[in-house]
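Chemist: This is start.txt, which holds compact mmCIF, N, CA and C atoms:
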# COMPACT_ATOMS: atom_id res chain seq x y z
N MET A 739 68.44 69.14 92.47
CA MET A 739 69.74 69.69 92.72
C MET A 739 69.74 70.50 94.03
N LYS A 740 68.66 71.28 94.29
CA LYS A 740 68.59 72.07 95.51
C LYS A 740 68.56 71.18 96.74
N LYS A 741 67.84 70.04 96.66
CA LYS A 741 67.78 69.12 97.78
C LYS A 741 69.16 68.55 98.09
N ALA A 742 69.91 68.22 97.07
CA ALA A 742 71.25 67.65 97.27
C ALA A 742 72.18 68.66 97.92
N LYS A 743 72.13 69.93 97.48
CA LYS A 743 72.97 70.97 98.08
C LYS A 743 72.60 71.18 99.55
N PHE A 744 71.30 71.23 99.83
CA PHE A 744 70.84 71.42 101.20
C PHE A 744 71.26 70.25 102.08
N LEU A 745 71.13 69.03 101.56
CA LEU A 745 71.50 67.85 102.31
C LEU A 745 72.99 67.87 102.64
N CYS A 746 73.84 68.20 101.67
CA CYS A 746 75.28 68.28 101.92
C CYS A 746 75.60 69.35 102.94
N PHE A 747 74.98 70.51 102.82
CA PHE A 747 75.21 71.59 103.77
C PHE A 747 74.78 71.17 105.16
N GLY A 748 73.61 70.52 105.26
CA GLY A 748 73.10 70.05 106.55
C GLY A 748 74.02 69.04 107.20
N ILE A 749 74.59 68.14 106.41
CA ILE A 749 75.53 67.14 106.94
C ILE A 749 76.78 67.83 107.46
N ILE A 750 77.30 68.81 106.71
CA ILE A 750 78.50 69.53 107.16
C ILE A 750 78.22 70.27 108.46
N VAL A 751 77.09 70.94 108.57
CA VAL A 751 76.74 71.64 109.80
C VAL A 751 76.61 70.65 110.94
N LEU A 752 75.95 69.52 110.72
CA LEU A 752 75.79 68.50 111.75
C LEU A 752 77.14 67.97 112.21
N ILE A 753 78.02 67.62 111.28
CA ILE A 753 79.34 67.09 111.64
C ILE A 753 80.14 68.15 112.39
N THR A 754 80.11 69.39 111.94
CA THR A 754 80.83 70.46 112.63
C THR A 754 80.31 70.62 114.05
N GLY A 755 78.99 70.58 114.22
CA GLY A 755 78.41 70.68 115.55
C GLY A 755 78.83 69.53 116.45
N ILE A 756 78.88 68.34 115.92
CA ILE A 756 79.32 67.18 116.70
C ILE A 756 80.78 67.35 117.10
N MET A 757 81.63 67.79 116.18
CA MET A 757 83.06 67.97 116.49
C MET A 757 83.25 68.97 117.61
N ILE A 758 82.51 70.08 117.59
CA ILE A 758 82.67 71.10 118.61
C ILE A 758 82.20 70.60 119.96
N ASN A 759 81.16 69.78 119.99
CA ASN A 759 80.60 69.33 121.26
C ASN A 759 81.23 68.06 121.80
N ASN A 760 82.08 67.39 121.05
CA ASN A 760 82.70 66.16 121.52
C ASN A 760 84.14 66.40 121.95
N SER A 761 84.65 65.52 122.78
CA SER A 761 86.01 65.68 123.30
C SER A 761 87.05 65.52 122.21
N TRP A 762 86.74 64.88 121.09
CA TRP A 762 87.76 64.71 120.05
C TRP A 762 87.97 65.97 119.25
N ALA A 763 87.44 67.11 119.71
CA ALA A 763 87.75 68.40 119.08
C ALA A 763 89.13 68.87 119.53
N ASN A 764 89.86 68.01 120.27
CA ASN A 764 91.25 68.26 120.67
C ASN A 764 91.43 69.53 121.47
N GLY A 765 90.44 69.89 122.27
CA GLY A 765 90.60 71.02 123.16
C GLY A 765 90.67 72.36 122.46
N LEU A 766 90.31 72.44 121.18
CA LEU A 766 90.37 73.71 120.48
C LEU A 766 89.31 74.68 120.98
N PHE A 767 88.19 74.15 121.44
CA PHE A 767 87.11 74.99 121.89
C PHE A 767 86.77 74.62 123.33
N PRO A 768 87.03 75.51 124.31
CA PRO A 768 86.62 75.19 125.68
C PRO A 768 85.10 75.04 125.73
N SER A 769 84.60 74.20 126.64
CA SER A 769 83.16 74.02 126.73
C SER A 769 82.49 75.32 127.19
N LYS A 770 81.18 75.41 127.04
CA LYS A 770 80.44 76.64 127.32
C LYS A 770 80.67 77.15 128.73
N ASN A 771 80.81 76.26 129.70
CA ASN A 771 80.92 76.66 131.09
C ASN A 771 82.36 76.70 131.58
N SER A 772 83.33 76.71 130.70
CA SER A 772 84.71 76.69 131.15
C SER A 772 85.45 77.95 130.70
N THR A 773 86.58 78.19 131.33
CA THR A 773 87.43 79.33 131.02
C THR A 773 88.82 78.81 130.70
N ARG A 774 89.40 79.31 129.64
CA ARG A 774 90.77 78.90 129.28
C ARG A 774 91.71 79.54 130.29
N LEU A 775 92.31 78.73 131.14
CA LEU A 775 93.25 79.23 132.14
C LEU A 775 94.57 79.57 131.48
N CYS A 776 95.05 78.64 130.65
CA CYS A 776 96.32 78.92 129.99
C CYS A 776 96.45 78.06 128.75
N SER A 777 97.31 78.53 127.90
CA SER A 777 97.76 77.77 126.74
C SER A 777 99.25 78.07 126.64
N GLU A 778 100.05 77.22 127.24
CA GLU A 778 101.48 77.45 127.38
C GLU A 778 102.26 76.49 126.49
N VAL A 779 103.25 77.02 125.79
CA VAL A 779 104.20 76.18 125.07
C VAL A 779 105.45 76.09 125.92
N LEU A 780 105.81 74.87 126.31
CA LEU A 780 106.98 74.64 127.15
C LEU A 780 108.02 73.85 126.37
N THR A 781 109.27 74.02 126.74
CA THR A 781 110.33 73.22 126.14
C THR A 781 110.92 72.31 127.21
N TRP A 782 111.47 71.21 126.76
CA TRP A 782 112.03 70.25 127.70
C TRP A 782 113.19 70.86 128.48
N ASP A 783 113.98 71.71 127.83
CA ASP A 783 115.13 72.33 128.50
C ASP A 783 114.72 73.24 129.65
N GLU A 784 113.50 73.75 129.64
CA GLU A 784 113.02 74.60 130.73
C GLU A 784 112.65 73.80 131.97
N GLN A 785 112.53 72.51 131.85
CA GLN A 785 112.06 71.67 132.95
C GLN A 785 113.20 71.33 133.91
N ASP A 786 112.82 71.02 135.15
CA ASP A 786 113.79 70.72 136.19
C ASP A 786 113.27 69.52 136.99
N ASP A 787 114.10 68.99 137.88
CA ASP A 787 113.64 67.88 138.71
C ASP A 787 112.98 68.37 140.01
N GLU A 788 112.74 69.68 140.11
CA GLU A 788 111.96 70.28 141.19
C GLU A 788 110.74 70.96 140.56
N TRP A 789 109.68 71.13 141.33
CA TRP A 789 108.47 71.76 140.81
C TRP A 789 108.77 73.20 140.40
N ILE A 790 108.35 73.56 139.18
CA ILE A 790 108.50 74.91 138.65
C ILE A 790 107.11 75.45 138.33
N LEU A 791 106.78 76.62 138.87
CA LEU A 791 105.51 77.27 138.57
C LEU A 791 105.57 77.80 137.15
N PHE A 792 104.62 77.37 136.29
CA PHE A 792 104.61 77.90 134.92
C PHE A 792 103.36 78.72 134.61
N ASN A 793 102.38 78.73 135.52
CA ASN A 793 101.22 79.60 135.32
C ASN A 793 100.47 79.72 136.63
N SER A 794 99.99 80.93 136.91
CA SER A 794 99.17 81.18 138.09
C SER A 794 98.11 82.21 137.71
N THR A 795 96.86 81.76 137.62
CA THR A 795 95.76 82.63 137.20
C THR A 795 94.48 82.19 137.88
N GLY A 796 93.68 83.13 138.32
CA GLY A 796 92.35 82.83 138.83
C GLY A 796 92.32 81.86 139.99
N GLY A 797 93.31 81.91 140.86
CA GLY A 797 93.34 81.02 142.02
C GLY A 797 93.80 79.61 141.71
N VAL A 798 94.36 79.39 140.53
CA VAL A 798 94.86 78.07 140.15
C VAL A 798 96.33 78.20 139.76
N GLU A 799 97.17 77.36 140.37
CA GLU A 799 98.60 77.37 140.07
C GLU A 799 98.97 76.07 139.35
N LEU A 800 99.78 76.20 138.30
CA LEU A 800 100.23 75.04 137.52
C LEU A 800 101.73 74.91 137.64
N TYR A 801 102.18 73.71 137.99
CA TYR A 801 103.60 73.41 138.15
C TYR A 801 103.97 72.24 137.26
N SER A 802 105.25 72.14 136.94
CA SER A 802 105.75 70.98 136.19
C SER A 802 107.12 70.60 136.72
N LYS A 803 107.47 69.34 136.51
CA LYS A 803 108.82 68.86 136.80
C LYS A 803 109.05 67.59 136.00
N LYS A 804 110.32 67.26 135.78
CA LYS A 804 110.64 66.01 135.08
C LYS A 804 111.22 65.03 136.08
N GLU A 805 110.92 63.76 135.85
CA GLU A 805 111.37 62.73 136.76
C GLU A 805 111.35 61.37 136.05
N PHE A 806 112.24 60.50 136.47
CA PHE A 806 112.31 59.16 135.92
C PHE A 806 111.38 58.22 136.67
N CYS A 807 110.68 57.36 135.93
CA CYS A 807 109.89 56.26 136.48
C CYS A 807 110.32 55.01 135.71
N ASP A 808 110.87 54.05 136.39
CA ASP A 808 111.33 52.81 135.73
C ASP A 808 112.23 53.12 134.53
N GLU A 809 113.17 54.03 134.71
CA GLU A 809 114.15 54.40 133.71
C GLU A 809 113.57 55.14 132.51
N ILE A 810 112.33 55.59 132.62
CA ILE A 810 111.69 56.38 131.55
C ILE A 810 111.46 57.77 132.10
N GLU A 811 111.93 58.78 131.35
CA GLU A 811 111.77 60.16 131.81
C GLU A 811 110.38 60.68 131.43
N ASN A 812 109.75 61.33 132.39
CA ASN A 812 108.39 61.84 132.22
C ASN A 812 108.31 63.28 132.70
N LEU A 813 107.24 63.94 132.29
CA LEU A 813 106.91 65.26 132.79
C LEU A 813 105.69 65.11 133.69
N PHE A 814 105.79 65.61 134.91
CA PHE A 814 104.68 65.58 135.85
C PHE A 814 104.08 66.98 135.94
N VAL A 815 102.79 67.04 136.16
CA VAL A 815 102.09 68.31 136.34
C VAL A 815 101.41 68.28 137.71
N LYS A 816 101.44 69.44 138.37
CA LYS A 816 100.73 69.62 139.65
C LYS A 816 99.79 70.81 139.47
N ILE A 817 98.54 70.64 139.91
CA ILE A 817 97.54 71.69 139.85
C ILE A 817 97.11 72.00 141.28
N VAL A 818 97.26 73.27 141.69
CA VAL A 818 96.90 73.70 143.04
C VAL A 818 95.70 74.64 142.93
N ASN A 819 94.64 74.29 143.64
CA ASN A 819 93.44 75.13 143.68
C ASN A 819 93.49 75.95 144.97
N THR A 820 93.78 77.25 144.87
CA THR A 820 93.80 78.12 146.05
C THR A 820 92.46 78.81 146.27
N ASN A 821 91.47 78.47 145.46
CA ASN A 821 90.13 79.05 145.60
C ASN A 821 89.41 78.46 146.80
N THR A 822 88.28 79.07 147.16
CA THR A 822 87.45 78.57 148.25
C THR A 822 86.31 77.69 147.74
N HIS A 823 86.38 77.29 146.48
CA HIS A 823 85.38 76.42 145.87
C HIS A 823 86.07 75.36 145.01
N LYS A 824 85.35 74.27 144.78
CA LYS A 824 85.85 73.18 143.93
C LYS A 824 85.95 73.66 142.49
N ILE A 825 86.94 73.16 141.77
CA ILE A 825 87.07 73.45 140.35
C ILE A 825 87.21 72.14 139.59
N THR A 826 86.92 72.19 138.31
CA THR A 826 87.18 71.08 137.41
C THR A 826 88.17 71.57 136.37
N CYS A 827 89.29 70.88 136.26
CA CYS A 827 90.33 71.25 135.30
C CYS A 827 90.36 70.22 134.18
N GLU A 828 90.41 70.72 132.95
CA GLU A 828 90.62 69.87 131.80
C GLU A 828 92.00 70.23 131.25
N VAL A 829 92.91 69.26 131.29
CA VAL A 829 94.30 69.47 130.88
C VAL A 829 94.53 68.74 129.56
N THR A 830 95.02 69.47 128.57
CA THR A 830 95.36 68.86 127.28
C THR A 830 96.85 69.03 127.04
N PHE A 831 97.54 67.91 126.85
CA PHE A 831 98.98 67.88 126.57
C PHE A 831 99.14 67.53 125.10
N THR A 832 99.78 68.42 124.35
CA THR A 832 99.97 68.20 122.92
C THR A 832 101.45 68.31 122.58
N PRO A 833 102.11 67.19 122.35
CA PRO A 833 103.53 67.25 121.97
C PRO A 833 103.69 67.71 120.53
N ASP A 834 104.79 68.39 120.27
CA ASP A 834 105.11 68.82 118.91
C ASP A 834 105.88 67.68 118.22
N TYR A 835 105.20 66.55 118.16
CA TYR A 835 105.80 65.34 117.60
C TYR A 835 104.66 64.52 117.00
N PRO A 836 104.63 64.37 115.69
CA PRO A 836 103.47 63.77 115.01
C PRO A 836 103.10 62.36 115.46
N ALA A 837 104.04 61.59 115.93
CA ALA A 837 103.74 60.19 116.27
C ALA A 837 103.05 60.05 117.62
N VAL A 838 103.03 61.12 118.43
CA VAL A 838 102.44 61.04 119.76
C VAL A 838 101.16 61.90 119.77
N PRO A 839 100.01 61.28 120.05
CA PRO A 839 98.75 62.03 120.01
C PRO A 839 98.58 62.93 121.24
N SER A 840 97.66 63.86 121.14
CA SER A 840 97.29 64.69 122.28
C SER A 840 96.63 63.84 123.35
N THR A 841 96.78 64.26 124.59
CA THR A 841 96.15 63.58 125.71
C THR A 841 95.32 64.61 126.48
N THR A 842 94.08 64.27 126.80
CA THR A 842 93.22 65.17 127.58
C THR A 842 92.74 64.43 128.82
N GLU A 843 92.86 65.10 129.97
CA GLU A 843 92.42 64.55 131.25
C GLU A 843 91.54 65.59 131.94
N THR A 844 90.56 65.11 132.70
CA THR A 844 89.70 66.00 133.47
C THR A 844 89.78 65.61 134.94
N HIS A 845 89.99 66.62 135.80
CA HIS A 845 90.16 66.36 137.23
C HIS A 845 89.35 67.36 138.05
N ASP A 846 88.66 66.86 139.08
CA ASP A 846 87.99 67.71 140.07
C ASP A 846 88.97 67.95 141.20
N ILE A 847 89.12 69.20 141.60
CA ILE A 847 90.04 69.54 142.68
C ILE A 847 89.27 70.36 143.71
N GLN A 848 89.22 69.85 144.92
CA GLN A 848 88.50 70.51 146.00
C GLN A 848 89.16 71.83 146.37
N ALA A 849 88.43 72.69 147.06
CA ALA A 849 88.96 73.99 147.50
C ALA A 849 90.21 73.79 148.34
N SER A 850 91.21 74.62 148.11
CA SER A 850 92.47 74.61 148.86
C SER A 850 93.18 73.26 148.83
N LYS A 851 93.02 72.51 147.75
CA LYS A 851 93.68 71.20 147.59
C LYS A 851 94.48 71.20 146.30
N SER A 852 95.25 70.14 146.12
CA SER A 852 96.03 70.01 144.88
C SER A 852 96.00 68.56 144.41
N ILE A 853 96.41 68.38 143.18
CA ILE A 853 96.55 67.06 142.59
C ILE A 853 97.82 67.09 141.76
N GLN A 854 98.57 65.98 141.79
CA GLN A 854 99.82 65.96 141.03
C GLN A 854 100.12 64.56 140.52
N GLY A 855 100.84 64.54 139.41
CA GLY A 855 101.30 63.28 138.86
C GLY A 855 102.52 62.78 139.61
N ASN A 856 102.68 61.48 139.64
CA ASN A 856 103.90 60.87 140.19
C ASN A 856 104.02 59.47 139.59
N CYS A 857 105.05 58.77 139.94
CA CYS A 857 105.32 57.46 139.32
C CYS A 857 104.24 56.42 139.62
N ASP A 858 103.48 56.60 140.69
CA ASP A 858 102.45 55.63 141.06
C ASP A 858 101.09 55.94 140.43
N GLN A 859 100.95 57.07 139.76
CA GLN A 859 99.68 57.50 139.18
C GLN A 859 99.71 57.31 137.67
N GLU A 860 98.54 57.27 137.09
CA GLU A 860 98.44 57.25 135.63
C GLU A 860 97.79 58.53 135.12
N TYR A 861 97.82 59.57 135.92
CA TYR A 861 97.30 60.85 135.48
C TYR A 861 98.31 61.95 135.77
N LEU A 862 98.23 63.02 134.97
CA LEU A 862 99.15 64.15 135.05
C LEU A 862 100.60 63.73 134.91
N VAL A 863 100.82 62.65 134.14
CA VAL A 863 102.15 62.16 133.80
C VAL A 863 102.22 62.07 132.28
N PHE A 864 103.20 62.74 131.68
CA PHE A 864 103.29 62.81 130.23
C PHE A 864 104.68 62.40 129.77
N PRO A 865 104.80 61.76 128.62
CA PRO A 865 106.10 61.26 128.16
C PRO A 865 107.07 62.39 127.83
N ALA A 866 108.34 62.12 128.05
CA ALA A 866 109.39 63.10 127.74
C ALA A 866 109.46 63.32 126.24
N MET A 867 109.52 64.56 125.86
CA MET A 867 109.68 64.97 124.46
C MET A 867 110.95 65.81 124.39
N LYS A 868 112.07 65.20 124.64
CA LYS A 868 113.32 65.93 124.87
C LYS A 868 113.69 66.94 123.80
N GLU A 869 113.52 66.63 122.57
CA GLU A 869 113.93 67.54 121.51
C GLU A 869 112.78 68.38 120.99
N ASN A 870 111.60 68.19 121.56
CA ASN A 870 110.41 68.86 121.02
C ASN A 870 109.73 69.71 122.09
N ASP A 871 109.05 70.75 121.63
CA ASP A 871 108.21 71.54 122.51
C ASP A 871 106.92 70.78 122.75
N PHE A 872 106.17 71.21 123.74
CA PHE A 872 104.85 70.64 123.97
C PHE A 872 103.97 71.75 124.51
N GLU A 873 102.68 71.59 124.27
CA GLU A 873 101.72 72.61 124.68
C GLU A 873 100.78 72.07 125.74
N PHE A 874 100.55 72.88 126.76
CA PHE A 874 99.55 72.59 127.77
C PHE A 874 98.41 73.57 127.60
N GLU A 875 97.21 73.06 127.53
CA GLU A 875 96.02 73.89 127.57
C GLU A 875 95.23 73.45 128.79
N VAL A 876 94.84 74.41 129.61
CA VAL A 876 94.09 74.09 130.82
C VAL A 876 92.83 74.93 130.83
N ASP A 877 91.69 74.26 130.91
CA ASP A 877 90.40 74.91 131.01
C ASP A 877 89.83 74.64 132.39
N ILE A 878 89.19 75.65 132.99
CA ILE A 878 88.64 75.54 134.35
C ILE A 878 87.14 75.72 134.28
N LYS A 879 86.44 74.87 135.02
CA LYS A 879 84.98 75.01 135.17
C LYS A 879 84.68 75.32 136.61
How does this structure look as structure tokens?

Modeler:
Amino acid sequence: MKKAKFLCFGIIVLITGIMINNSWANGLFPSKNSTRLCSEVLTWDEQDDEWILFNSTGGVELYSKKEFCDEIENLFVKIVNTNTHKITCEVTFTPDYPAVPSTTETHDIQASKSIQGNCDQEYLVFPAMKENDFEFEVDIK
């Protein structure tokens, strides 16, 4: 009986450890070498067709805007690195809509450079959630 209890406990600890160290932990735990820049809940009504600054911390600025691509409305994100060193950003977009899963992207941004989504890119572009809120979590390494 003691062996069975220990085995079950060991499996739970192992699975928990794997969840924390793998990307499918849904961004709940930033990696050891990263810092949570922001965890913002945005609403679709707050968005505009011009870039809007929604967070500025630690030399990193985050902007958003909505725009149509092929008659589909999307939310674009722009990340500006004003630091004098390269950063790695991990962006997690989580809509408050059960049918749409979270999306996580990782981007390296050189010093004094930016990266942004647009209709020609497949990154930093997220589907419109008009009636729902959505959360952005950004971790910086």

Chemist: I'd like the neighbourhood of Glu788 in chain A as a list in words, where a residue qualifies if any of its atoms comes within 6.5 Å (using only N, CA and C atoms), though same-chain residues fewer than 6 positions away should be ignored.

Modeler: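 Surrounding residues, per the criterion: Ser802, Lys803 and Lys804 of chain A.
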
Chemist: Just checking: using only C-alpha atoms, which residue out of A:Gln854, A:Ser777, A:Thr841, A:Asn812 ends up closest to Phe792 in chain A?

Modeler: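 Ranking A:Gln854, A:Ser777, A:Thr841, A:Asn812 by distance to Phe792 in chain A, first place goes to A:Ser777.
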
Chemist: So what do you get for atom C of Thr826 in chain A versus CA of Asp783 in chain A, distance-wise?

Modeler: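 Between atom C of Thr826 in chain A and CA of Asp783 in chain A the gap is 28.1 Å.
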
Chemist: Around all of range 817-833 of chain A's listed atoms, make the axis-aligned box with 4 Å on each side and tell me centre and edge lengths in Å to one decimal, as AutoDock Vina command-line options.

Modeler:
--center_x 94.5 --center_y 73.1 --center_z 134.4 --size_x 26.3 --size_y 19.9 --size_z 35.7

Chemist: Between A:Asn793, A:Pro839, A:Tyr861, A:Gln785, which is the closest to Val815 in chain A once you count only N, CA and C atoms?

Modeler: A:Tyr861

Chemist: Given all atoms listed in the file as the basis, pick out the residue of A:Cys827, A:Ile878, A:Val863, A:Ile790 nearest to Leu813 in chain A.

Modeler: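 That would be A:Val863, the residue with the smallest distance to Leu813 in chain A.
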
Chemist: What is the distance between CA of Phe872 in chain A and atom C of Pro833 in chain A, in Å to one decimal?

Modeler: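 That distance, rounded to one decimal, is 4.7 Å.
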
Chemist: Counting only C-alpha atoms, which of A:Thr822, A:Glu805, A:Thr830, A:Ser840 gets nearest to Arg774 in chain A?

Modeler: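 Nearest candidate to Arg774 in chain A out of A:Thr822, A:Glu805, A:Thr830, A:Ser840: A:Thr830.
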
Chemist: May I ask for the distance between CA of Asp786 in chain A and CA of Gln848 in chain A, given in Å to one decimal place?

Modeler: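 CA of Gln848 in chain A lies at a distance of 27.1 Å from CA of Asp786 in chain A.
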
Chemist: Counting all atoms listed in the file, find residues at most 6 Å from (88.4, 72.4, 148.4) (file frame) and give them as an MDAnalysis selection string.

Modeler: chainID A and resid 822:824 847:851

Chemist: Write the residues you've just listed into a file as a PDB file, in the frame of the given file, and include N, CA and C atoms for each of them.

Modeler:
ATOM      1  N   THR A 822      88.280  79.070 147.160  1.00  0.00           N
ATOM      2  CA  THR A 822      87.450  78.570 148.250  1.00  0.00           C
ATOM      3  C   THR A 822      86.310  77.690 147.740  1.00  0.00           C
ATOM      4  N   HIS A 823      86.380  77.290 146.480  1.00  0.00           N
ATOM      5  CA  HIS A 823      85.380  76.420 145.870  1.00  0.00           C
ATOM      6  C   HIS A 823      86.070  75.360 145.010  1.00  0.00           C
ATOM      7  N   LYS A 824      85.350  74.270 144.780  1.00  0.00           N
ATOM      8  CA  LYS A 824      85.850  73.180 143.930  1.00  0.00           C
ATOM      9  C   LYS A 824      85.950  73.660 142.490  1.00  0.00           C
ATOM     10  N   ILE A 847      89.120  69.200 141.600  1.00  0.00           N
ATOM     11  CA  ILE A 847      90.040  69.540 142.680  1.00  0.00           C
ATOM     12  C   ILE A 847      89.270  70.360 143.710  1.00  0.00           C
ATOM     13  N   GLN A 848      89.220  69.850 144.920  1.00  0.00           N
ATOM     14  CA  GLN A 848      88.500  70.510 146.000  1.00  0.00           C
ATOM     15  C   GLN A 848      89.160  71.830 146.370  1.00  0.00           C
ATOM     16  N   ALA A 849      88.430  72.690 147.060  1.00  0.00           N
ATOM     17  CA  ALA A 849      88.960  73.990 147.500  1.00  0.00           C
ATOM     18  C   ALA A 849      90.210  73.790 148.340  1.00  0.00           C
ATOM     19  N   SER A 850      91.210  74.620 148.110  1.00  0.00           N
ATOM     20  CA  SER A 850      92.470  74.610 148.860  1.00  0.00           C
ATOM     21  C   SER A 850      93.180  73.260 148.830  1.00  0.00           C
ATOM     22  N   LYS A 851      93.020  72.510 147.750  1.00  0.00           N
ATOM     23  CA  LYS A 851      93.680  71.200 147.590  1.00  0.00           C
ATOM     24  C   LYS A 851      94.480  71.200 146.300  1.00  0.00           C
TER      25      LYS A 851
END

Chemist: Using only N, CA and C atoms, can you tell me which of A:Glu875, A:Glu799, A:Glu828, A:Glu843 comes closest to Lys816 in chain A?

Modeler: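 Checking each of A:Glu875, A:Glu799, A:Glu828, A:Glu843 against Lys816 in chain A, counting only N, CA and C atoms, the winner is A:Glu799.
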
Chemist: Go through A:Gly797, A:His845, A:Val838, A:Phe831 one by one, measure the shortest atom-to-atom distance of each to Asn819 in chain A using only N, CA and C atoms, and give the residue with the smallest value.

Modeler: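 Of the candidates, the smallest distance to Asn819 in chain A is held by A:Gly797.
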
Chemist: When you look at Asp834 in chain A with a cut-off of 7 Å (counting only N, CA and C atoms), what residues show up, excluding the ones that are within fewer than 2 positions of it in the same chain? I need them as a list of chain:residue names.

Modeler: A:Thr832, A:Pro836, A:Ala837, A:Asn870, A:Asp871, A:Phe872, A:Glu873

Chemist: Residues within 6 Å of (108.5, 61.6, 127.9), file coordinates, counting only C-alpha atoms: what are they? Give the list as number ranges by chain.

Modeler: A: 811-812, 864-867
